[in-house]
file data-v6.cif (mmCIF, C-alpha atoms)
data_final
#
loop_
_atom_site.label_atom_id
_atom_site.label_comp_id
_atom_site.auth_asym_id
_atom_site.auth_seq_id
_atom_site.Cartn_x
_atom_site.Cartn_y
_atom_site.Cartn_z
CA MET A 1 -6.29 6.11 3.23
CA PRO A 2 -4.06 6.46 0.20
CA THR A 3 -4.23 3.65 -2.35
CA HIS A 4 -1.77 2.42 -4.93
CA THR A 5 -2.34 0.26 -8.03
CA SER A 6 0.47 -1.79 -9.54
CA HIS A 7 0.29 -3.41 -12.97
CA SER A 8 1.92 -6.62 -14.18
CA VAL A 9 1.59 -9.19 -16.92
CA VAL A 10 1.40 -12.96 -16.35
CA SER A 11 1.77 -15.58 -19.07
CA PHE A 12 0.22 -19.01 -19.41
CA LYS A 13 1.41 -21.67 -21.85
CA ALA A 14 -1.73 -23.79 -21.42
CA ARG A 15 -5.42 -23.21 -20.81
CA PHE A 16 -6.24 -22.28 -17.22
CA MET A 17 -9.25 -21.77 -15.00
CA LEU A 18 -9.74 -19.65 -11.90
CA ARG A 19 -12.73 -19.39 -9.59
CA GLY A 20 -15.26 -16.96 -11.05
CA PHE A 21 -14.39 -17.63 -14.70
CA GLU A 22 -17.22 -18.78 -16.94
CA ALA A 23 -14.86 -20.97 -19.00
CA PRO A 24 -11.19 -21.94 -19.19
CA GLN A 25 -9.01 -19.19 -20.66
CA PRO A 26 -6.64 -19.78 -23.58
CA PRO A 27 -2.86 -19.58 -23.30
CA GLY A 28 -1.44 -16.08 -23.53
CA ALA A 29 -0.36 -13.00 -21.62
CA TYR A 30 -2.83 -11.38 -19.21
CA ARG A 31 -2.81 -7.99 -17.50
CA VAL A 32 -3.08 -8.15 -13.70
CA GLU A 33 -3.72 -5.21 -11.35
CA ARG A 34 -3.04 -5.19 -7.63
CA ASP A 35 -4.64 -2.54 -5.40
CA ASP A 36 -2.97 -1.76 -2.08
CA GLU A 37 -3.89 0.66 0.68
CA ALA A 38 -1.46 2.46 2.92
CA ILE A 39 -1.06 1.56 6.56
CA GLU A 40 0.54 4.53 8.25
CA GLY A 41 2.41 4.37 11.52
CA ALA A 42 4.07 7.19 13.44
CA THR A 43 7.42 6.59 11.71
CA TRP A 44 6.71 4.08 8.94
CA LEU A 45 4.51 3.36 5.94
CA ALA A 46 3.44 -0.08 4.75
CA TRP A 47 1.04 -1.33 2.09
CA ARG A 48 -1.70 -3.97 2.39
CA ARG A 49 -3.20 -5.73 -0.62
CA ILE A 50 -6.91 -5.08 -0.86
CA ALA A 51 -7.74 -6.54 -4.30
CA THR A 52 -6.26 -8.31 -7.31
CA PHE A 53 -7.83 -8.20 -10.78
CA ILE A 54 -7.18 -9.94 -14.10
CA HIS A 55 -8.16 -8.53 -17.49
CA LEU A 56 -9.83 -10.89 -19.95
CA PRO A 57 -9.25 -11.74 -22.75
CA ALA A 58 -5.50 -12.19 -23.15
CA ILE A 59 -3.38 -9.34 -24.54
CA GLY A 60 -3.56 -9.29 -28.33
CA VAL A 61 -6.78 -11.28 -28.63
CA ALA A 62 -9.13 -9.61 -31.07
CA ASN A 63 -12.38 -9.61 -29.13
CA GLY A 64 -14.76 -6.69 -28.76
CA ALA A 65 -15.74 -7.66 -25.23
CA SER A 66 -13.36 -7.33 -22.32
CA GLN A 67 -13.78 -7.66 -18.61
CA MET A 68 -11.84 -7.24 -15.41
CA LEU A 69 -12.47 -9.87 -12.74
CA GLU A 70 -11.40 -9.86 -9.11
CA ILE A 71 -9.33 -12.96 -8.35
CA ASP A 72 -7.63 -14.61 -5.41
CA PRO A 73 -3.88 -13.86 -5.76
CA ASP A 74 -2.97 -17.19 -4.12
CA GLU A 75 -5.12 -19.04 -6.65
CA LEU A 76 -3.39 -17.14 -9.48
CA ASP A 77 0.04 -18.06 -8.08
CA ALA A 78 -1.00 -21.72 -7.85
CA ALA A 79 -2.26 -21.71 -11.45
CA LEU A 80 1.02 -20.14 -12.63
CA ARG A 81 3.07 -22.81 -10.77
CA LYS A 82 0.91 -25.56 -12.26
CA ASP A 83 1.43 -24.08 -15.74
CA VAL A 84 5.23 -24.06 -15.30
CA GLU A 85 5.26 -27.63 -13.94
CA ALA A 86 3.18 -28.89 -16.87
CA ALA A 87 5.58 -27.40 -19.44
#
call {"tool": "encode", "arguments": {"input": "data-v6.cif", "output": "structure tokens"}}
result
Amino acid sequence: MPTHTSHSVVSFKARFMLRGFEAPQPPGAYRVERDDEAIEGATWLAWRRIATFIHLPAIGVANGASQMLEIDPDELDAALRKDVEAA
């Protein structure tokens, strides 16, 4: 099946934590990737999310080590809403 990756950037104003992180992450902008696979019908094409990843550390942080972690997109959305409400 064909796959597609989309890229976006999310921003946090405060420290945040998601499942799978070793420690809370500092405020900043973070790259997020979403992988989708095609679902093909006889006359239509749709996409289904198969994975979402976040790149650590934040964009612009001078750190030799970087990692890409798979995350729950609903958990990311909840953390972003919480960040906006706290501002």
call {"tool": "resolve_selection", "arguments": {"input": "data-v6.cif", "expression": "the PyMOL selection byres ((chain A and resi 32) around 10)", "output": "PyMOL selection string"}}
result
chain A and resi 6-10+29-31+33-34+52-56+68-71+73+76
call {"tool": "write_last_selection", "arguments": {"input": "data-v6.cif", "atoms": "C-alpha atoms", "output": "compact mmCIF listing (two decimals), in the coordinates of the input"}}
result
# COMPACT_ATOMS: atom_id res chain seq x y z
CA SER A 6 0.47 -1.79 -9.54
CA HIS A 7 0.29 -3.41 -12.97
CA SER A 8 1.92 -6.62 -14.18
CA VAL A 9 1.59 -9.19 -16.92
CA VAL A 10 1.40 -12.96 -16.35
CA ALA A 29 -0.36 -13.00 -21.62
CA TYR A 30 -2.83 -11.38 -19.21
CA ARG A 31 -2.81 -7.99 -17.50
CA GLU A 33 -3.72 -5.21 -11.35
CA ARG A 34 -3.04 -5.19 -7.63
CA THR A 52 -6.26 -8.31 -7.31
CA PHE A 53 -7.83 -8.20 -10.78
CA ILE A 54 -7.18 -9.94 -14.10
CA HIS A 55 -8.16 -8.53 -17.49
CA LEU A 56 -9.83 -10.89 -19.95
CA MET A 68 -11.84 -7.24 -15.41
CA LEU A 69 -12.47 -9.87 -12.74
CA GLU A 70 -11.40 -9.86 -9.11
CA ILE A 71 -9.33 -12.96 -8.35
CA PRO A 73 -3.88 -13.86 -5.76
CA LEU A 76 -3.39 -17.14 -9.48
call {"tool": "resolve_selection", "arguments": {"input": "data-v6.cif", "expression": "the PyMOL selection byres ((chain A and resi 80) around 12)", "output": "short mmCIF file (atom, residue, chain, number, x, y, z; two decimals) with C-alpha atoms, in the frame of the given file"}}
result
data_model
loop_
_atom_site.label_atom_id
_atom_site.label_comp_id
_atom_site.auth_asym_id
_atom_site.auth_seq_id
_atom_site.Cartn_x
_atom_site.Cartn_y
_atom_site.Cartn_z
CA VAL A 9 1.59 -9.19 -16.92
CA VAL A 10 1.40 -12.96 -16.35
CA SER A 11 1.77 -15.58 -19.07
CA PHE A 12 0.22 -19.01 -19.41
CA LYS A 13 1.41 -21.67 -21.85
CA ALA A 14 -1.73 -23.79 -21.42
CA ARG A 15 -5.42 -23.21 -20.81
CA PHE A 16 -6.24 -22.28 -17.22
CA MET A 17 -9.25 -21.77 -15.00
CA LEU A 18 -9.74 -19.65 -11.90
CA PRO A 27 -2.86 -19.58 -23.30
CA GLY A 28 -1.44 -16.08 -23.53
CA ALA A 29 -0.36 -13.00 -21.62
CA TYR A 30 -2.83 -11.38 -19.21
CA PRO A 73 -3.88 -13.86 -5.76
CA ASP A 74 -2.97 -17.19 -4.12
CA GLU A 75 -5.12 -19.04 -6.65
CA LEU A 76 -3.39 -17.14 -9.48
CA ASP A 77 0.04 -18.06 -8.08
CA ALA A 78 -1.00 -21.72 -7.85
CA ALA A 79 -2.26 -21.71 -11.45
CA ARG A 81 3.07 -22.81 -10.77
CA LYS A 82 0.91 -25.56 -12.26
CA ASP A 83 1.43 -24.08 -15.74
CA VAL A 84 5.23 -24.06 -15.30
CA GLU A 85 5.26 -27.63 -13.94
CA ALA A 86 3.18 -28.89 -16.87
CA ALA A 87 5.58 -27.40 -19.44
#
call {"tool": "atom_distance", "arguments": {"input": "data-v6.cif", "atom1": "CA of Glu22 (chain A)", "atom2": "CA of Pro57 (chain A)"}}
result
12.1 Å
call {"tool": "residues_around", "arguments": {"input": "data-v6.cif", "residues": "region 3-5 of chain A", "least_positions_apart": "6", "cutoff": "10 Å", "atoms": "all atoms listed in the file", "output": "number ranges by chain"}}
result
A: 33-39, 47-52
call {"tool": "atom_distance", "arguments": {"input": "data-v6.cif", "atom1": "CA of Val61 (chain A)", "atom2": "CA of Arg19 (chain A)"}}
result
21.5 Å
call {"tool": "closest_residue", "arguments": {"input": "data-v6.cif", "among": "A:Gly64, A:Ala42, A:Pro2, A:Ala58", "to": "Pro24 (chain A)", "atoms": "all atoms listed in the file"}}
result
A:Ala58
call {"tool": "decode", "arguments": {"input": "data-v6.cif", "residues": "chain A", "atoms": "C-alpha atoms", "output": "PDB file, in the first residue's frame"}}
result
ATOM      1  CA  MET A   1       0.000   0.000   0.000  1.00  0.00           C
ATOM      2  CA  PRO A   2       1.246   3.485  -0.727  1.00  0.00           C
ATOM      3  CA  THR A   3       2.246   5.582   2.278  1.00  0.00           C
ATOM      4  CA  HIS A   4       2.454   9.314   2.809  1.00  0.00           C
ATOM      5  CA  THR A   5       4.324  11.309   5.468  1.00  0.00           C
ATOM      6  CA  SER A   6       3.230  14.804   6.444  1.00  0.00           C
ATOM      7  CA  HIS A   7       5.335  17.183   8.516  1.00  0.00           C
ATOM      8  CA  SER A   8       4.213  19.869  10.952  1.00  0.00           C
ATOM      9  CA  VAL A   9       5.535  21.910  13.842  1.00  0.00           C
ATOM     10  CA  VAL A  10       3.816  22.240  17.228  1.00  0.00           C
ATOM     11  CA  SER A  11       4.727  24.805  19.878  1.00  0.00           C
ATOM     12  CA  PHE A  12       4.555  24.610  23.646  1.00  0.00           C
ATOM     13  CA  LYS A  13       4.807  27.621  25.956  1.00  0.00           C
ATOM     14  CA  ALA A  14       5.373  25.474  29.061  1.00  0.00           C
ATOM     15  CA  ARG A  15       7.093  22.207  29.910  1.00  0.00           C
ATOM     16  CA  PHE A  16       5.127  19.136  28.831  1.00  0.00           C
ATOM     17  CA  MET A  17       5.238  15.384  29.224  1.00  0.00           C
ATOM     18  CA  LEU A  18       3.904  12.603  27.024  1.00  0.00           C
ATOM     19  CA  ARG A  19       3.837   8.863  27.620  1.00  0.00           C
ATOM     20  CA  GLY A  20       7.192   7.360  26.657  1.00  0.00           C
ATOM     21  CA  PHE A  21       9.262  10.452  27.484  1.00  0.00           C
ATOM     22  CA  GLU A  22      12.057   9.998  30.003  1.00  0.00           C
ATOM     23  CA  ALA A  23      11.567  13.532  31.369  1.00  0.00           C
ATOM     24  CA  PRO A  24       9.401  16.609  30.810  1.00  0.00           C
ATOM     25  CA  GLN A  25      10.360  18.550  27.687  1.00  0.00           C
ATOM     26  CA  PRO A  26      11.109  22.284  27.734  1.00  0.00           C
ATOM     27  CA  PRO A  27       8.955  24.883  25.997  1.00  0.00           C
ATOM     28  CA  GLY A  28       9.662  25.316  22.303  1.00  0.00           C
ATOM     29  CA  ALA A  29       8.761  24.243  18.792  1.00  0.00           C
ATOM     30  CA  TYR A  30       8.830  20.530  17.941  1.00  0.00           C
ATOM     31  CA  ARG A  31       8.764  18.718  14.598  1.00  0.00           C
ATOM     32  CA  VAL A  32       5.952  16.172  14.254  1.00  0.00           C
ATOM     33  CA  GLU A  33       5.586  13.567  11.491  1.00  0.00           C
ATOM     34  CA  ARG A  34       2.394  11.730  10.614  1.00  0.00           C
ATOM     35  CA  ASP A  35       2.523   8.559   8.513  1.00  0.00           C
ATOM     36  CA  ASP A  36      -0.616   7.543   6.623  1.00  0.00           C
ATOM     37  CA  GLU A  37      -1.338   4.588   4.369  1.00  0.00           C
ATOM     38  CA  ALA A  38      -3.680   4.599   1.422  1.00  0.00           C
ATOM     39  CA  ILE A  39      -7.001   2.812   1.506  1.00  0.00           C
ATOM     40  CA  GLU A  40      -8.053   2.288  -2.078  1.00  0.00           C
ATOM     41  CA  GLY A  41     -11.592   1.663  -3.197  1.00  0.00           C
ATOM     42  CA  ALA A  42     -12.915   1.076  -6.706  1.00  0.00           C
ATOM     43  CA  THR A  43     -13.601   4.793  -7.230  1.00  0.00           C
ATOM     44  CA  TRP A  44     -12.032   6.554  -4.242  1.00  0.00           C
ATOM     45  CA  LEU A  45      -8.835   6.955  -2.246  1.00  0.00           C
ATOM     46  CA  ALA A  46      -8.623   7.666   1.473  1.00  0.00           C
ATOM     47  CA  TRP A  47      -5.773   7.817   3.981  1.00  0.00           C
ATOM     48  CA  ARG A  48      -5.517   6.172   7.407  1.00  0.00           C
ATOM     49  CA  ARG A  49      -3.061   7.334  10.070  1.00  0.00           C
ATOM     50  CA  ILE A  50      -0.661   4.575  10.994  1.00  0.00           C
ATOM     51  CA  ALA A  51       1.862   6.433  13.181  1.00  0.00           C
ATOM     52  CA  THR A  52       2.720   9.822  14.662  1.00  0.00           C
ATOM     53  CA  PHE A  53       6.243  10.798  15.734  1.00  0.00           C
ATOM     54  CA  ILE A  54       7.787  13.758  17.565  1.00  0.00           C
ATOM     55  CA  HIS A  55      11.408  14.842  17.214  1.00  0.00           C
ATOM     56  CA  LEU A  56      13.312  15.663  20.399  1.00  0.00           C
ATOM     57  CA  PRO A  57      14.823  18.042  21.373  1.00  0.00           C
ATOM     58  CA  ALA A  58      12.961  21.193  20.348  1.00  0.00           C
ATOM     59  CA  ILE A  59      13.936  23.020  17.147  1.00  0.00           C
ATOM     60  CA  GLY A  60      16.937  25.256  17.767  1.00  0.00           C
ATOM     61  CA  VAL A  61      18.155  23.480  20.900  1.00  0.00           C
ATOM     62  CA  ALA A  62      21.885  22.891  20.706  1.00  0.00           C
ATOM     63  CA  ASN A  63      22.136  19.249  21.697  1.00  0.00           C
ATOM     64  CA  GLY A  64      24.193  16.594  19.947  1.00  0.00           C
ATOM     65  CA  ALA A  65      21.670  13.864  20.666  1.00  0.00           C
ATOM     66  CA  SER A  66      18.304  13.735  18.957  1.00  0.00           C
ATOM     67  CA  GLN A  67      15.578  11.159  18.848  1.00  0.00           C
ATOM     68  CA  MET A  68      12.262  10.507  17.194  1.00  0.00           C
ATOM     69  CA  LEU A  69       9.598   8.942  19.403  1.00  0.00           C
ATOM     70  CA  GLU A  70       6.266   7.457  18.398  1.00  0.00           C
ATOM     71  CA  ILE A  71       3.447   9.205  20.257  1.00  0.00           C
ATOM     72  CA  ASP A  72      -0.315   8.995  20.608  1.00  0.00           C
ATOM     73  CA  PRO A  73      -1.772  11.840  18.493  1.00  0.00           C
ATOM     74  CA  ASP A  74      -4.728  12.223  20.878  1.00  0.00           C
ATOM     75  CA  GLU A  75      -2.331  12.624  23.806  1.00  0.00           C
ATOM     76  CA  LEU A  76      -0.399  15.276  21.844  1.00  0.00           C
ATOM     77  CA  ASP A  77      -3.635  17.153  21.083  1.00  0.00           C
ATOM     78  CA  ALA A  78      -4.601  17.039  24.775  1.00  0.00           C
ATOM     79  CA  ALA A  79      -1.179  18.360  25.825  1.00  0.00           C
ATOM     80  CA  LEU A  80      -1.453  21.204  23.291  1.00  0.00           C
ATOM     81  CA  ARG A  81      -4.944  22.146  24.591  1.00  0.00           C
ATOM     82  CA  LYS A  82      -3.664  22.080  28.170  1.00  0.00           C
ATOM     83  CA  ASP A  83      -0.750  24.329  27.174  1.00  0.00           C
ATOM     84  CA  VAL A  84      -3.102  26.877  25.571  1.00  0.00           C
ATOM     85  CA  GLU A  85      -5.469  26.842  28.572  1.00  0.00           C
ATOM     86  CA  ALA A  86      -2.582  27.406  30.995  1.00  0.00           C
ATOM     87  CA  ALA A  87      -1.356  30.480  29.095  1.00  0.00           C
TER      88      ALA A  87
END
